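S.K.: What follows is entry-v2.cif, mmCIF, N, CA and C atoms and all ligand atoms.
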```
data_my_file
loop_
_atom_site.label_atom_id
_atom_site.label_comp_id
_atom_site.auth_asym_id
_atom_site.auth_seq_id
_atom_site.Cartn_x
_atom_site.Cartn_y
_atom_site.Cartn_z
N MET A 1 219.91 -37.44 -11.37
CA MET A 1 220.40 -37.28 -10.00
C MET A 1 220.96 -35.87 -9.83
N LEU A 2 220.65 -35.28 -8.72
CA LEU A 2 221.18 -33.96 -8.41
C LEU A 2 222.38 -34.13 -7.48
N PHE A 3 223.46 -33.44 -7.79
CA PHE A 3 224.66 -33.54 -6.97
C PHE A 3 224.85 -32.25 -6.18
N ILE A 4 225.38 -32.37 -5.00
CA ILE A 4 225.71 -31.21 -4.17
C ILE A 4 227.22 -31.17 -4.02
N HIS A 5 227.81 -30.02 -4.34
CA HIS A 5 229.27 -29.89 -4.23
C HIS A 5 229.65 -30.06 -2.76
N PRO A 6 230.44 -31.08 -2.47
CA PRO A 6 230.75 -31.38 -1.06
C PRO A 6 231.60 -30.32 -0.37
N GLU A 7 232.29 -29.50 -1.13
CA GLU A 7 233.13 -28.48 -0.48
C GLU A 7 232.45 -27.12 -0.46
N GLU A 8 231.45 -26.90 -1.33
CA GLU A 8 230.73 -25.62 -1.33
C GLU A 8 229.54 -25.65 -0.37
N CYS A 9 228.99 -26.82 -0.14
CA CYS A 9 227.87 -26.95 0.79
C CYS A 9 228.35 -26.59 2.20
N ILE A 10 227.55 -25.77 2.86
CA ILE A 10 227.92 -25.34 4.21
C ILE A 10 227.07 -26.05 5.28
N ASP A 11 226.37 -27.09 4.84
CA ASP A 11 225.55 -27.88 5.76
C ASP A 11 224.53 -27.03 6.52
N CYS A 12 223.92 -26.08 5.79
CA CYS A 12 222.94 -25.22 6.45
C CYS A 12 221.62 -25.96 6.70
N GLY A 13 221.37 -27.01 5.91
CA GLY A 13 220.18 -27.81 6.12
C GLY A 13 218.94 -27.31 5.41
N ALA A 14 219.03 -26.20 4.68
CA ALA A 14 217.84 -25.62 4.02
C ALA A 14 217.24 -26.58 2.99
N CYS A 15 218.09 -27.27 2.25
CA CYS A 15 217.57 -28.18 1.23
C CYS A 15 217.07 -29.48 1.86
N GLU A 16 217.69 -29.90 2.92
CA GLU A 16 217.33 -31.16 3.57
C GLU A 16 215.87 -31.14 4.01
N SER A 17 215.45 -30.02 4.55
CA SER A 17 214.09 -29.96 5.09
C SER A 17 213.01 -29.88 4.03
N VAL A 18 213.36 -29.53 2.80
CA VAL A 18 212.35 -29.41 1.75
C VAL A 18 212.42 -30.52 0.71
N CYS A 19 213.38 -31.43 0.84
CA CYS A 19 213.49 -32.53 -0.12
C CYS A 19 212.28 -33.45 0.06
N PRO A 20 211.46 -33.66 -1.00
CA PRO A 20 210.24 -34.46 -0.86
C PRO A 20 210.49 -35.96 -0.71
N VAL A 21 211.71 -36.41 -0.97
CA VAL A 21 211.97 -37.85 -0.87
C VAL A 21 213.05 -38.19 0.17
N THR A 22 213.35 -37.20 1.04
CA THR A 22 214.34 -37.42 2.11
C THR A 22 215.64 -38.01 1.57
N ALA A 23 216.16 -37.35 0.54
CA ALA A 23 217.38 -37.84 -0.12
C ALA A 23 218.62 -37.03 0.25
N ILE A 24 218.45 -36.02 1.09
CA ILE A 24 219.58 -35.14 1.40
C ILE A 24 219.91 -35.22 2.89
N PHE A 25 221.19 -35.42 3.16
CA PHE A 25 221.67 -35.50 4.54
C PHE A 25 222.98 -34.75 4.66
N PRO A 26 223.28 -34.16 5.81
CA PRO A 26 224.63 -33.64 6.02
C PRO A 26 225.60 -34.83 5.92
N GLU A 27 226.79 -34.58 5.40
CA GLU A 27 227.72 -35.68 5.17
C GLU A 27 227.93 -36.55 6.41
N ALA A 28 228.01 -35.93 7.55
CA ALA A 28 228.27 -36.68 8.78
C ALA A 28 227.08 -37.52 9.23
N SER A 29 225.92 -37.29 8.62
CA SER A 29 224.71 -38.00 9.04
C SER A 29 224.12 -38.90 7.96
N VAL A 30 224.87 -39.16 6.91
CA VAL A 30 224.36 -40.01 5.83
C VAL A 30 224.17 -41.43 6.37
N PRO A 31 222.96 -41.99 6.20
CA PRO A 31 222.71 -43.34 6.70
C PRO A 31 223.65 -44.37 6.05
N GLU A 32 223.90 -45.44 6.77
CA GLU A 32 224.84 -46.47 6.31
C GLU A 32 224.54 -46.94 4.89
N GLN A 33 223.28 -47.16 4.57
CA GLN A 33 222.94 -47.70 3.25
C GLN A 33 223.16 -46.71 2.11
N TRP A 34 223.40 -45.44 2.44
CA TRP A 34 223.63 -44.43 1.39
C TRP A 34 225.06 -43.90 1.41
N GLN A 35 225.93 -44.50 2.19
CA GLN A 35 227.31 -44.01 2.31
C GLN A 35 228.05 -43.94 0.96
N SER A 36 227.75 -44.87 0.06
CA SER A 36 228.46 -44.90 -1.22
C SER A 36 228.19 -43.64 -2.04
N TYR A 37 227.10 -42.95 -1.76
CA TYR A 37 226.77 -41.74 -2.52
C TYR A 37 227.67 -40.56 -2.14
N ILE A 38 228.30 -40.62 -0.99
CA ILE A 38 229.22 -39.55 -0.60
C ILE A 38 230.35 -39.47 -1.62
N LYS A 39 230.92 -40.62 -1.94
CA LYS A 39 232.02 -40.68 -2.90
C LYS A 39 231.55 -40.21 -4.28
N LEU A 40 230.34 -40.56 -4.67
CA LEU A 40 229.82 -40.16 -5.97
C LEU A 40 229.70 -38.65 -6.07
N ASN A 41 229.30 -38.00 -4.97
CA ASN A 41 229.17 -36.54 -4.99
C ASN A 41 230.54 -35.89 -5.12
N TYR A 42 231.53 -36.40 -4.44
CA TYR A 42 232.88 -35.87 -4.57
C TYR A 42 233.38 -36.07 -6.00
N ALA A 43 233.17 -37.28 -6.54
CA ALA A 43 233.66 -37.61 -7.90
C ALA A 43 232.98 -36.76 -8.95
N ALA A 44 231.71 -36.42 -8.76
CA ALA A 44 230.97 -35.63 -9.75
C ALA A 44 231.62 -34.27 -9.98
N PHE A 45 232.33 -33.77 -8.97
CA PHE A 45 232.96 -32.47 -9.09
C PHE A 45 234.48 -32.58 -9.19
N GLY A 46 234.97 -33.80 -9.36
CA GLY A 46 236.40 -34.01 -9.51
C GLY A 46 237.18 -33.74 -8.24
N VAL A 47 236.49 -33.84 -7.11
CA VAL A 47 237.14 -33.59 -5.82
C VAL A 47 237.47 -34.93 -5.18
N LYS A 48 238.69 -35.09 -4.73
CA LYS A 48 239.09 -36.34 -4.08
C LYS A 48 238.69 -36.31 -2.61
N LYS A 49 238.15 -37.42 -2.16
CA LYS A 49 237.74 -37.54 -0.75
C LYS A 49 238.89 -38.06 0.05
S1 LIG B 101 222.76 -27.83 3.02
FE1 LIG B 101 221.71 -27.69 1.05
S2 LIG B 101 220.98 -25.56 0.92
FE2 LIG B 101 222.57 -25.65 2.53
S3 LIG B 101 224.49 -25.13 1.49
FE3 LIG B 101 224.33 -27.36 1.47
S4 LIG B 101 223.31 -27.82 -0.51
FE4 LIG B 101 222.99 -25.65 -0.11
#
```
So that I can check it, write out the structure of this file as structure tokens.
Ligand code: SF4
M.R.:
Amino acid sequence: MLFIHPEECIDCGACESVCPVTAIFPEASVPEQWQSYIKLNYAAFGVKK
């Protein structure tokens, strides 16, 4: 799994448009079924949400 640092990402969208499996979303637009991954991305970098 690839993690994106939630505080370093500037939501430019460059990676979102080229992801071949549509796995990247701006935090505010993460679909309901993938919401739990937001916390995982924060935890991966030791950042509290
Ligand atoms: S949206 Fe993607 S390409 Fe843009 S800053 Fe965030 S991780 Fe990097």
S.K.: At a cut-off of 5 Å around ligand LIG 101 (chain B), and using only N, CA and C atoms and all ligand atoms, what residues come up? Please write them as an MDAnalysis selection string.
M.R.: chainID A and resid 9:16
S.K.: One decimal, Å: what's the distance from atom CA of A:Ala43 over to atom C of A:Pro20, could you say?
M.R.: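 About the pair atom CA of A:Ala43 and atom C of A:Pro20: they are 24.3 Å apart.
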S.K.: I'd like the interatomic distance between atom CA of A:Ser17 and atom CA of A:Ala44, to a tenth of an Å.
M.R.: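 Separation between atom CA of A:Ser17 and atom CA of A:Ala44: 23.2 Å.
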S.K.: Using the file's own x, y and z axes, so that the box edges lie along x, y and z, what centre and edge lengths in Å (one decimal) does a box around every listed atom of stretch 40-48 of chain A get when 5 Å is added on each side? Give it as JSON.
M.R.:
```
{"center_x": 234.1, "center_y": -36.5, "center_z": -6.3, "size_x": 19.9, "size_y": 18.1, "size_z": 17.4}
```
S.K.: Run DSSP on the backbone of this structure and report the residues of stretch 7-49 of chain A it assigns to helix (DSSP H, G or I), as a list in words.
M.R.: Glu16, Ser17, Val18, Glu27, Ala28, Ser29, Glu32, Gln33, Trp34, Ser36, Tyr37, Ile38, Lys39, Leu40, Asn41, Tyr42, Ala43 and Ala44 of chain A
S.K.: Do you have the atom N of A:Gly46-atom C of A:Glu8 distance handy?
M.R.: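 Atom N of A:Gly46 sits 13.3 Å away from atom C of A:Glu8.
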